[in-house]
Structures are given as structure tokens and as C-alpha cells.
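Everything below belongs to model_21.txt, which stores compact mmCIF, C-alpha atoms and all ligand atoms.
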```txt
# COMPACT_ATOMS: atom_id res chain seq x y z
CA MET A 8 -18.01 -5.02 -17.64
CA SER A 9 -16.57 -6.78 -20.62
CA ASP A 10 -16.04 -10.15 -22.26
CA GLY A 11 -12.69 -11.18 -23.66
CA GLU A 12 -9.88 -13.66 -23.94
CA ILE A 13 -6.09 -13.49 -24.13
CA GLN A 14 -3.09 -15.75 -24.48
CA ALA A 15 -0.04 -14.94 -22.42
CA ARG A 16 2.81 -16.42 -20.41
CA TYR A 17 1.80 -16.88 -16.79
CA TYR A 18 4.26 -15.04 -14.54
CA ALA A 19 4.36 -17.71 -11.83
CA THR A 20 5.11 -20.72 -14.05
CA GLY A 21 6.39 -19.37 -17.38
CA GLN A 22 3.72 -21.53 -19.09
CA SER A 23 1.53 -20.32 -21.92
CA VAL A 24 -2.09 -19.88 -20.78
CA ARG A 25 -5.43 -18.80 -22.18
CA VAL A 26 -7.58 -16.70 -19.93
CA GLY A 27 -11.14 -15.72 -20.69
CA TRP A 28 -13.69 -13.57 -18.90
CA ARG A 29 -17.39 -12.79 -19.14
CA GLN A 30 -18.89 -9.64 -17.63
CA GLY A 31 -15.44 -8.86 -16.21
CA ILE A 32 -15.18 -12.15 -14.28
CA ILE A 33 -12.66 -14.88 -15.13
CA ASN A 34 -14.42 -17.98 -16.49
CA ARG A 35 -11.52 -19.71 -18.22
CA PHE A 36 -7.92 -20.29 -17.19
CA GLU A 37 -6.15 -23.14 -18.93
CA ALA A 38 -2.85 -24.21 -20.41
CA ALA A 39 -2.44 -23.20 -24.04
CA ALA A 40 -0.91 -25.54 -26.57
CA ALA A 41 0.93 -22.86 -28.53
CA PRO A 42 4.55 -22.17 -27.59
CA PRO A 43 4.89 -19.07 -25.42
CA GLY A 44 7.18 -17.20 -27.81
CA ARG A 45 7.10 -13.45 -27.26
CA ASP A 46 3.61 -13.38 -25.74
CA PRO A 47 3.43 -10.84 -22.93
CA TRP A 48 3.62 -11.96 -19.33
CA LEU A 49 0.37 -12.22 -17.41
CA ALA A 50 0.31 -11.32 -13.71
CA PRO A 51 -2.38 -10.34 -11.19
CA ALA A 52 -2.90 -6.59 -10.77
CA LEU A 53 -0.88 -4.83 -8.08
CA VAL A 54 -2.45 -3.84 -4.75
CA ASP A 55 -1.14 -0.93 -2.66
CA LEU A 56 -2.28 -0.57 0.95
CA GLN A 57 -0.88 2.93 1.50
CA ILE A 58 -1.77 5.64 -1.03
CA ASN A 59 -1.90 9.22 0.32
CA GLY A 60 -2.44 10.73 -3.12
CA PHE A 61 -1.31 10.27 -6.70
CA ALA A 62 -0.88 12.13 -10.00
CA GLY A 63 -1.06 15.58 -8.41
CA VAL A 64 -4.13 14.72 -6.28
CA ASP A 65 -3.72 14.93 -2.49
CA PHE A 66 -6.24 12.76 -0.59
CA GLN A 67 -5.65 14.88 2.55
CA ARG A 68 -7.37 17.88 0.97
CA ASP A 69 -10.90 18.81 1.91
CA ASN A 70 -13.66 18.86 -0.68
CA LEU A 71 -12.01 16.65 -3.28
CA THR A 72 -14.21 16.13 -6.30
CA ILE A 73 -15.05 12.77 -7.81
CA GLU A 74 -13.07 13.77 -10.93
CA GLU A 75 -9.94 14.35 -8.85
CA VAL A 76 -10.21 11.00 -7.10
CA LEU A 77 -10.72 9.36 -10.50
CA VAL A 78 -7.57 11.05 -11.86
CA ALA A 79 -5.56 9.46 -9.03
CA ALA A 80 -7.23 6.04 -9.36
CA ARG A 81 -6.73 5.93 -13.13
CA ALA A 82 -3.08 6.99 -12.92
CA LEU A 83 -2.51 4.28 -10.32
CA ARG A 84 -4.11 1.75 -12.61
CA GLU A 85 -1.79 2.82 -15.42
CA ALA A 86 1.05 2.12 -12.99
CA GLY A 87 -0.18 -1.46 -12.50
CA CYS A 88 -2.25 -0.93 -9.35
CA VAL A 89 -5.94 -1.64 -9.89
CA ARG A 90 -6.96 -1.66 -6.21
CA PHE A 91 -5.61 0.42 -3.32
CA PHE A 92 -6.27 1.53 0.23
CA LEU A 93 -6.91 5.25 0.32
CA THR A 94 -4.79 6.55 3.20
CA LEU A 95 -5.61 9.42 5.53
CA ILE A 96 -2.83 10.72 7.74
CA THR A 97 -2.74 12.61 11.05
CA ASP A 98 -4.90 15.69 11.27
CA GLU A 99 -7.37 17.16 13.75
CA TRP A 100 -9.74 14.26 14.39
CA PRO A 101 -12.95 16.01 13.21
CA LYS A 102 -11.24 16.98 9.93
CA LEU A 103 -9.97 13.45 9.36
CA VAL A 104 -13.40 12.01 10.07
CA GLU A 105 -15.06 14.50 7.72
CA ARG A 106 -12.65 13.58 4.90
CA LEU A 107 -13.25 9.89 5.42
CA LYS A 108 -17.00 10.44 5.35
CA ARG A 109 -16.85 12.46 2.15
CA LEU A 110 -14.44 10.14 0.33
CA ARG A 111 -16.53 7.13 1.23
CA GLN A 112 -19.63 8.83 -0.18
CA LEU A 113 -17.77 9.61 -3.40
CA ARG A 114 -16.56 6.05 -3.68
CA ASP A 115 -19.96 4.50 -2.97
CA GLY A 116 -21.59 6.56 -5.69
CA HIS A 117 -19.21 5.50 -8.45
CA GLU A 118 -18.79 1.97 -9.78
CA GLU A 119 -15.19 2.43 -10.91
CA LEU A 120 -14.13 3.84 -7.54
CA ARG A 121 -15.99 1.12 -5.63
CA HIS A 122 -13.64 -1.38 -7.23
CA ALA A 123 -10.47 0.76 -7.15
CA ILE A 124 -10.70 1.85 -3.49
CA ALA A 125 -10.54 -1.53 -1.78
CA GLY A 126 -10.41 -0.05 1.72
CA TRP A 127 -9.11 2.67 4.02
CA HIS A 128 -5.79 3.03 5.78
CA ILE A 129 -5.96 5.34 8.78
CA GLU A 130 -2.39 6.34 9.64
CA GLY A 131 -2.65 8.67 12.60
CA PRO A 132 -3.32 10.46 14.82
CA PHE A 133 -2.61 7.55 17.21
CA LEU A 134 1.16 7.71 16.64
CA SER A 135 4.33 8.52 18.58
CA THR A 136 5.18 12.17 19.19
CA GLU A 137 8.90 11.38 19.65
CA PRO A 138 11.32 13.14 17.28
CA GLY A 139 12.08 10.95 14.28
CA PHE A 140 9.25 8.53 15.05
CA HIS A 141 6.44 10.89 14.10
CA GLY A 142 8.04 11.37 10.67
CA ALA A 143 6.19 13.99 8.64
CA HIS A 144 3.08 13.79 10.84
CA ASN A 145 2.42 16.80 13.08
CA PRO A 146 3.17 15.65 16.67
CA ALA A 147 0.94 18.40 18.10
CA LEU A 148 -2.09 16.65 16.59
CA MET A 149 -1.42 13.17 17.98
CA LEU A 150 -4.07 11.64 20.23
CA ASP A 151 -4.32 8.66 22.55
CA PRO A 152 -6.89 6.28 21.05
CA THR A 153 -10.18 5.77 22.89
CA PRO A 154 -12.92 3.20 22.31
CA ASP A 155 -15.07 6.05 20.93
CA HIS A 156 -12.50 6.82 18.21
CA ILE A 157 -12.40 3.18 17.15
CA ARG A 158 -16.18 2.81 17.16
CA GLU A 159 -16.53 6.03 15.16
CA LEU A 160 -14.14 4.70 12.49
CA ARG A 161 -16.10 1.47 12.26
CA ALA A 162 -19.44 3.28 12.08
CA LEU A 163 -18.13 5.46 9.24
CA THR A 164 -16.67 2.59 7.22
CA HIS A 165 -19.32 -0.08 7.93
CA THR A 166 -17.90 -3.38 6.66
CA ASP A 167 -15.17 -1.92 4.41
CA PRO A 168 -11.66 -3.29 4.95
CA VAL A 169 -9.80 -0.90 7.28
CA LEU A 170 -6.13 -0.87 8.20
CA LEU A 171 -5.30 1.16 11.28
CA THR A 172 -1.69 2.11 11.96
CA ILE A 173 -1.14 2.71 15.64
CA ALA A 174 1.75 3.20 18.11
CA PRO A 175 1.04 0.61 20.82
CA GLU A 176 2.87 2.48 23.59
CA LEU A 177 0.18 5.17 23.71
CA GLN A 178 -2.25 5.30 26.59
CA GLY A 179 -5.21 3.02 25.81
CA ALA A 180 -3.62 1.63 22.63
CA LEU A 181 -3.74 -2.06 23.59
CA GLU A 182 -7.45 -1.82 24.39
CA ALA A 183 -8.00 0.09 21.13
CA ILE A 184 -6.19 -2.65 19.17
CA ALA A 185 -8.34 -5.36 20.73
CA LEU A 186 -11.51 -3.38 20.04
CA ALA A 187 -10.50 -2.62 16.42
CA ARG A 188 -9.85 -6.32 15.84
CA SER A 189 -13.14 -7.34 17.39
CA LEU A 190 -14.88 -4.92 15.01
CA GLY A 191 -13.18 -6.48 11.98
CA MET A 192 -10.40 -3.95 11.35
CA LYS A 193 -6.74 -4.89 10.91
CA VAL A 194 -4.08 -3.20 13.03
CA SER A 195 -0.54 -2.45 11.97
CA LEU A 196 2.03 -1.01 14.38
CA GLY A 197 4.00 1.96 13.14
CA HIS A 198 5.47 5.39 13.91
CA THR A 199 6.32 3.77 17.22
CA ASN A 200 9.19 3.43 19.67
CA ALA A 201 7.51 0.72 21.72
CA SER A 202 9.53 -1.72 23.82
CA SER A 203 9.69 -5.41 22.89
CA GLU A 204 7.31 -6.15 25.70
CA VAL A 205 4.70 -3.69 24.43
CA LEU A 206 5.08 -4.90 20.84
CA ARG A 207 4.38 -8.45 21.99
CA LYS A 208 1.38 -7.30 24.01
CA ALA A 209 0.10 -5.51 20.90
CA VAL A 210 0.35 -8.75 18.89
CA LYS A 211 -1.48 -10.54 21.65
CA ALA A 212 -4.20 -7.87 21.50
CA GLY A 213 -4.59 -8.51 17.76
CA ALA A 214 -2.03 -6.43 15.80
CA THR A 215 -0.75 -8.31 12.76
CA GLY A 216 1.35 -5.79 10.85
CA PHE A 217 4.17 -3.29 11.04
CA THR A 218 3.85 -0.25 8.77
CA HIS A 219 6.77 0.74 6.48
CA LEU A 220 9.52 -0.85 8.56
CA GLY A 221 12.77 1.14 8.36
CA ASN A 222 10.90 4.38 7.96
CA ALA A 223 9.37 6.62 10.68
CA CYS A 224 12.38 6.27 12.94
CA PRO A 225 15.36 8.56 13.60
CA GLN A 226 18.36 8.56 11.26
CA LEU A 227 20.62 7.49 14.14
CA LEU A 228 19.64 4.47 16.24
CA ASP A 229 21.17 2.63 19.19
CA ARG A 230 23.00 -0.34 17.68
CA HIS A 231 22.00 -2.63 20.58
CA ASP A 232 18.37 -1.82 20.94
CA ASN A 233 16.20 -0.07 18.40
CA ILE A 234 12.75 -0.36 16.88
CA LEU A 235 14.02 -2.28 13.82
CA TRP A 236 15.51 -5.10 15.90
CA ARG A 237 12.50 -5.11 18.21
CA ALA A 238 9.96 -5.29 15.35
CA LEU A 239 11.87 -8.03 13.51
CA ASP A 240 12.19 -9.95 16.77
CA THR A 241 8.44 -9.85 17.45
CA PRO A 242 6.69 -12.99 16.14
CA GLY A 243 3.37 -12.54 14.36
CA LEU A 244 3.95 -9.31 12.43
CA SER A 245 3.82 -8.90 8.65
CA VAL A 246 5.86 -5.87 7.61
CA SER A 247 5.43 -3.43 4.77
CA LEU A 248 8.50 -2.07 2.99
CA ILE A 249 8.82 0.86 0.58
CA PRO A 250 10.97 -0.67 -2.18
CA ASP A 251 12.38 2.51 -3.70
CA GLN A 252 15.99 1.69 -2.67
CA ILE A 253 16.06 4.80 -0.43
CA HIS A 254 13.54 4.39 2.43
CA VAL A 255 15.05 1.00 3.17
CA SER A 256 18.66 0.48 2.14
CA PRO A 257 19.27 -2.47 -0.20
CA PRO A 258 21.24 -4.45 2.46
CA LEU A 259 18.45 -4.01 5.04
CA PHE A 260 15.86 -4.86 2.38
CA ARG A 261 17.66 -8.13 1.65
CA LEU A 262 18.12 -8.91 5.35
CA VAL A 263 14.41 -8.48 6.08
CA HIS A 264 13.72 -11.03 3.32
CA ARG A 265 16.14 -13.46 4.96
CA VAL A 266 14.66 -13.02 8.42
CA LEU A 267 10.94 -13.15 7.59
CA ARG A 268 8.85 -15.55 5.55
CA THR A 269 8.08 -14.22 2.06
CA GLU A 270 4.35 -14.11 2.87
CA ALA A 271 5.07 -11.87 5.87
CA ILE A 272 6.46 -9.08 3.68
CA TYR A 273 4.46 -6.82 1.42
CA TYR A 274 5.44 -3.73 -0.53
CA THR A 275 3.82 -0.33 -0.58
CA THR A 276 4.72 2.93 -2.27
CA ASP A 277 3.35 5.13 0.56
CA ALA A 278 2.77 7.37 -2.46
CA MET A 279 1.69 10.99 -2.12
CA ALA A 280 0.41 13.52 -4.62
CA ALA A 281 3.69 13.83 -6.52
CA ALA A 282 3.76 10.16 -7.49
CA GLY A 283 3.10 9.78 -11.16
CA ALA A 284 3.71 13.54 -11.54
CA SER A 285 6.86 15.54 -12.34
CA PRO A 286 9.51 16.60 -9.80
CA GLY A 287 8.58 19.84 -7.99
CA ARG A 288 6.77 21.17 -4.90
CA TYR A 289 3.55 19.52 -3.73
CA SER A 290 1.37 19.46 -0.63
CA ILE A 291 0.38 16.65 1.71
CA GLY A 292 -2.36 18.24 3.80
CA PRO A 293 -0.73 21.24 5.48
CA LEU A 294 2.83 20.14 4.60
CA GLU A 295 4.79 21.48 1.71
CA VAL A 296 7.13 18.90 0.25
CA GLU A 297 9.68 18.73 -2.49
CA VAL A 298 10.12 15.85 -4.89
CA GLY A 299 13.46 15.19 -6.49
CA PRO A 300 14.23 13.37 -9.72
CA ASP A 301 14.94 10.29 -7.52
CA GLN A 302 11.15 10.12 -6.77
CA ILE A 303 11.90 10.79 -3.10
CA VAL A 304 9.77 13.26 -1.15
CA ARG A 305 11.43 15.56 1.38
CA GLN A 306 10.27 18.44 3.50
CA PRO A 307 12.36 21.44 2.34
CA GLY A 308 15.34 21.89 4.66
CA LYS A 309 14.81 18.57 6.49
CA SER A 310 16.48 15.24 6.02
CA ASN A 311 13.54 12.94 6.79
CA TYR A 312 11.38 11.52 4.05
CA ALA A 313 7.70 12.34 3.73
CA GLY A 314 6.30 9.53 1.64
CA SER A 315 7.41 8.55 -1.81
CA ALA A 316 6.69 9.45 -5.39
CA LEU A 317 7.29 5.87 -6.43
CA ARG A 318 4.90 4.22 -8.91
CA PRO A 319 3.81 0.69 -7.92
CA ILE A 320 5.16 -0.94 -11.09
CA ASP A 321 8.54 0.73 -10.57
CA GLY A 322 8.49 -0.59 -7.00
CA VAL A 323 8.31 -4.19 -8.28
CA PHE A 324 11.32 -3.71 -10.53
CA ARG A 325 13.33 -1.88 -7.85
CA ALA A 326 12.53 -4.62 -5.30
CA ALA A 327 13.65 -7.27 -7.78
CA ARG A 328 16.89 -5.37 -8.43
CA MET A 329 17.65 -5.16 -4.71
CA LEU A 330 16.97 -8.88 -4.26
CA GLY A 331 18.94 -9.85 -7.36
CA ARG A 332 15.84 -11.60 -8.71
CA ASP A 333 13.85 -11.57 -11.89
CA TRP A 334 10.91 -9.11 -11.59
CA ARG A 335 8.52 -12.07 -11.51
CA GLY A 336 10.04 -13.13 -8.20
CA ALA A 337 9.12 -9.78 -6.62
CA TRP A 338 5.62 -9.49 -8.09
CA ASP A 339 3.66 -11.26 -5.32
CA GLY A 340 5.07 -8.86 -2.73
CA PHE A 341 3.06 -6.12 -4.40
CA SER A 342 -0.06 -8.13 -5.27
CA ILE A 343 -0.82 -11.42 -3.54
CA CYS A 344 0.92 -10.60 -0.23
CA PRO A 345 -0.80 -7.26 0.58
CA ALA A 346 -4.16 -8.66 -0.57
CA LYS A 347 -3.79 -11.70 1.67
CA PHE A 348 -2.67 -9.51 4.57
CA MET A 349 -5.92 -7.54 4.29
CA SER A 350 -8.01 -10.61 3.37
CA ILE A 351 -9.20 -9.07 0.12
CA GLY A 352 -9.54 -11.18 -3.00
CA VAL A 353 -6.78 -11.12 -5.58
CA GLY A 354 -5.27 -13.50 -8.08
CA LEU A 355 -6.22 -14.98 -11.41
CA THR A 356 -8.67 -17.64 -10.41
CA MET A 357 -12.03 -18.69 -11.80
CA GLY A 358 -14.77 -16.42 -10.53
CA SER A 359 -12.42 -13.52 -9.68
CA PRO A 360 -12.48 -10.11 -11.37
CA ALA A 361 -10.27 -10.04 -14.47
CA ASP A 362 -7.80 -7.59 -12.90
CA PHE A 363 -4.40 -8.20 -14.42
CA CYS A 364 -1.26 -6.77 -15.95
CA LEU A 365 0.33 -7.69 -19.26
CA VAL A 366 4.04 -7.07 -18.91
CA GLN A 367 6.54 -6.96 -21.74
CA THR A 368 10.21 -6.84 -20.80
CA ASP A 369 13.26 -5.92 -22.81
CA GLU A 370 16.35 -8.07 -23.29
CA SER A 371 17.93 -6.88 -20.05
CA GLY A 372 14.80 -7.76 -18.06
CA GLY A 373 13.65 -4.14 -17.67
CA LEU A 374 10.08 -2.98 -18.19
CA GLU A 375 9.33 -2.37 -21.86
CA SER A 376 5.56 -1.96 -21.75
CA LEU A 377 2.67 -2.45 -19.36
CA ARG A 378 -1.02 -2.92 -20.11
CA VAL A 379 -3.44 -3.00 -17.19
CA PHE A 380 -6.96 -4.46 -17.09
CA SER A 381 -9.65 -3.89 -14.49
CA HIS A 382 -12.68 -6.20 -14.74
CA GLY A 383 -11.30 -7.18 -18.14
CA LYS A 384 -11.28 -3.63 -19.48
CA GLU A 385 -8.11 -1.80 -20.38
CA THR A 386 -9.58 1.70 -20.43
CA LEU A 387 -12.61 2.64 -18.40
ZN ZN B 1 4.08 6.78 7.77
```
Let me see whether you can do it: turn the structure in this file into C-alpha cells.
Ligand SMILES: [Zn+2]
Amino acid sequence: MSDGEIQARYYATGQSVRVGWRQGIINRFEAAAAPPGRDPWLAPALVDLQINGFAGVDFQRDNLTIEEVLVAARALREAGCVRFFLTLITDEWPKLVERLKRLRQLRDGHEELRHAIAGWHIEGPFLSTEPGFHGAHNPALMLDPTPDHIRELRALTHTDPVLLTIAPELQGALEAIALARSLGMKVSLGHTNASSEVLRKAVKAGATGFTHLGNACPQLLDRHDNILWRALDTPGLSVSLIPDQIHVSPPLFRLVHRVLRTEAIYYTTDAMAAAGASPGRYSIGPLEVEVGPDQIVRQPGKSNYAGSALRPIDGVFRAARMLGRDWRGAWDGFSICPAKFMSIGVGLTMGSPADFCLVQTDESGGLESLRVFSHGKETL
């Protein structure tokens, strides 16, 4: 925990501000008299709700060490993301549960990880087995959710924030959604081919999100009736988008922003082990995947994507490019919006952790340099 003070231009207003912190907590935030000049931009740290691995570390592997998890968390922080939801994908249920148990123990025993891992995203095995909809998840391992599964997840995670991605058309899913909500978890629909009627029932049961819209569906869709139209036509869902310009095409990305309120959209990288690492072959659990220079992850010989190798900070700039906005206009989609969706604290307010980014841009508006602070400290 540190004490400190900086002067910078506040990203939301363009005004010069002075921000101070004691013991890593913001205790001063006020307008500064000096002209902003070339001071760096100040913005709240990024938050990513779907991180499967990073910097060569695969969270789906058994027996990860604390050093490995720290490598991933620190590389994420260097990419602007101070807090994230560690994501576990479909596997045999006992294996998934064991991983969650172990990772939670690692996190609880380490102060830096307690702050970095803000919660858990459980994506599978309660997903569609239909071709295209299961994506890179193994359909043979999918399960229908039962109250016991949901209670087990809650017992393992206690009061931690949990995001559960679920396909609502599965047997018992609506009851599972209602139970998860009553136990304080958030539910996002995804890897699903549910009808409009079932999507609306899922919202009624307590689902509030839709996971990586535009992904986890077949390449070819019925133009009259498909999961994209149905999800966008269902009131009450916040959607996550992977803003790498590939998972969601730029026209669709812009359209989603026209259809939904800004606060109902948040960005995620859905990053896997290759993110923040060089192009090459990597593993996600039992899957072997290939990462191209475009930071896209593919299963060799298949056309579907298997997560991204996008870095959070690059996601902000790519989102801004697609929207034809300044990067500052895309920042909240990767910070304030996901944090609000999961009801975790974020933002540069008195009494909050001094988690922020100092951004310097070049003349064309591209990223020139990035400094990232967690609890007021740049390096931990
Ligand atoms: Zn997915």
C-alpha cells in the first residue's frame, strides 16, 4: 500500500485534476489550476469479466502454482486491467470444481491476487451441445444444471462475485438461474440457441447478461430468426462484446451500440493463454489452438474462434476505431460498465482503491504509452 499524488487530465472531462492517495486509497480528487498541457490522461483501471488465461498461463490447467497465476495477473495489469474474473470453461464437473477450489485457495493466500481476481466466471458445462453454439467447448461434457451444482458453486465461492454463463434451454436451467440469483450470483445467457420465449423466461428468472454476443453461434444463420436478433430483442440483458474487430464485425459492433443503451454493453477480451504472448500454438485445457499475428485464436483446421489473444488496452482502442470515436469514448465499456454489471466497485472516487491508468497518446490518437497503478503502486 502506498501514498502518492499525481496531476493528470481526467479522461471523462478533459480537465486537469490532482489525485492523491494514502495507503492505496484515494483521499483527494480535485480540479488543478495548472493548464493541462501534455499531462497524461487519467482513467480508471480496466476490468475484464472473462479471462481464461494470459501471458502463456492457462487457467484450465490443473495444479497451477501461485507464481503462474501471478505472471498472468501482472501481465494483465500491464495491459491496463487491474481486476478480472478468472474464467473456468467446460470440463468434467469434478475437475472444474477442483480447479476452482485450488485457485480460490491460491487467491485467498495472496494479497495481490485477492485484489486482482475480483471474482469467478463459470462458463460451462451448462451450455448448448448444438454445432456452432458450443464453440470450442467439448459438447460431450455438457450437463443440465441441477440445484446441487448451483449450491456447490456457491459453497465453494462463499460471497465472492460469480458470473455464471448458462444456456437457458437446457433441462432445469430456469430453476438453476433463479436459484443462482437467490444465492447472489449473476447469470449471463450464452452458448445458447434458445427461443425468444425461453430467453424472456430466463430474464424473468433473474438472468441479466448475454455472454460475448456474436460469438458462440454458427457462421451461417437464418436471416429471419437467429440468436442475435432474439438476444437483442430481449429486454433486460446487458451484452458483452469482444472488440477485436473479428469476433464481432465492425458493422454489427456499431449496430449493437445503436440498439442498446451504452450502459448495457461491456467489453471483454475472452483472453486465453496466448494473450500477451507471441503467435504460436497454445493449449486451453485439452484443446490445442493456434494464434495468428491478428491475435485471433483458432483450432487448427477449423474456422471457429476459440477465445482471443487480445490485450484489454488494445480492445479499448479497437472498439474506439470501430465506433469512430476517440479512445476516451470507449473506455467506460471496459471499466465502469463491466464493474457495474457485476456490482463491484470501480472508478476514481474518494475512498476507492487508487487503481488507474495513465495514458499518453500520439498525434494520431493512438496509444503511445501506458502506466498502470494498483492501490497506488505501479509495480508490485
Ligand atoms: Zn464462450
Contacts with ligand ZN 1 (chain B) at most 12 Å, all atoms listed in the file counted, listed as a PyMOL selection string: chain A and resi 56-59+94-97+128-135+139-145+171-174+195-199+217-224+247-249+254+275-279+311-315
Could you give me, as a tab-separated table, every stretch 274-367 of chain A residue with an atom at most 10 Å from stretch 66-87 of chain A, plus its closest atom pair and distance in Å to one decimal, counting only C-alpha atoms, rows ordered by chain then number?
```
residue	atom	partner	partner_atom	distance
A:Ala278	CA	A:Leu83	CA	10.0
A:Met279	CA	A:Phe66	CA	8.3
A:Ala280	CA	A:Phe66	CA	7.8
A:Ala282	CA	A:Leu83	CA	9.0
A:Gly283	CA	A:Ala82	CA	7.0
A:Ala284	CA	A:Ala82	CA	9.5
A:Ser290	CA	A:Gln67	CA	9.0
A:Ile291	CA	A:Gln67	CA	6.3
A:Gly292	CA	A:Gln67	CA	4.9
A:Pro293	CA	A:Gln67	CA	8.6
A:Leu317	CA	A:Ala86	CA	9.8
A:Arg318	CA	A:Ala86	CA	6.0
A:Pro319	CA	A:Ala86	CA	5.9
A:Ile320	CA	A:Ala86	CA	5.5
A:Asp321	CA	A:Ala86	CA	8.0
A:Gly322	CA	A:Ala86	CA	9.9
A:Val323	CA	A:Gly87	CA	9.9
A:Phe341	CA	A:Gly87	CA	9.9
A:Ser342	CA	A:Gly87	CA	9.8
A:Asp362	CA	A:Gly87	CA	9.8
A:Phe363	CA	A:Gly87	CA	8.2
A:Cys364	CA	A:Gly87	CA	6.4
A:Leu365	CA	A:Gly87	CA	9.2
A:Val366	CA	A:Gly87	CA	9.5
```
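Distances to A:Pro242 were evaluated for A:His264, A:Arg207, A:Ala212, A:Ile343 using all atoms listed in the file, and the minimum falls at A:Arg207.
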Correct to one decimal, the distance atom CA of A:Pro286-atom CA of A:Phe91 is 23.1 Å
- request: Counting all atoms listed in the file, figure out which residue out of A:Cys344, A:Ile303, A:Met329, A:Ile157 gets nearest to A:Glu182.
  value: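 Going through A:Cys344, A:Ile303, A:Met329, A:Ile157 one by one, the smallest distance to A:Glu182 is for A:Ile157.
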Worksheet entry | Of the listed residues A:Thr136, A:His165, A:Val255, A:Asp240, that which approaches A:Asn200 most closely, counting all atoms listed in the file |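 With all atoms listed in the file as the atom set, the closest residue is A:Thr136.
Polymer residues near (-10.7, 1.7, -6.8): counting all atoms listed in the file with a cut-off of 9 Å, they are Leu77, Ala80, Arg81, Arg84, Val89, Arg90, Phe91, Phe92, Leu93, Arg114, Glu118, Glu119, Leu120, Arg121, His122, Ala123, Ile124, Ala125 and Gly126 of chain A.
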| task | Name all residues at most 12 Å from A:Met192 (count all atoms listed in the file; drop same-chain ones fewer than 2 positions away) and give them as number ranges by chain. | result | A: 126-129, 157-158, 160-162, 164-172, 183-190, 194-195, 213-216, 348-350
A:Asp339, A:Asp98, A:Asp115, A:Asp369: which is nearest A:Ala52, counting all atoms listed in the file?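 Closest to A:Ala52 of all the choices is A:Asp339.
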Rounded to one decimal, what separation in Å do you get between atom CA of A:Val296 and atom CA of A:Gln252?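 Separation of atom CA of A:Val296 and atom CA of A:Gln252: 19.6 Å.
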Practice item. Determine, counting all atoms listed in the file, which protein, DNA and RNA residues have an atom within 7 Å of an atom of A:Gly11; residues of the same chain fewer than 6 positions away are not included. Present the result as a PyMOL selection string. Key: chain A and resi 27-29+383
Restricting to only C-alpha atoms, whichever of A:Trp48, A:Ala19, A:Thr241, A:Gln302 is closest to A:Leu374 is A:Trp48
Output as JSON the centre and edge lengths (Å, one decimal) of the box along x, y and z of the file that holds every listed atom of stretch 299-312 of chain A after adding 8 Å on each side.
```
{"center_x": 13.1, "center_y": 16.0, "center_z": -1.5, "size_x": 22.7, "size_y": 27.8, "size_z": 32.5}
```
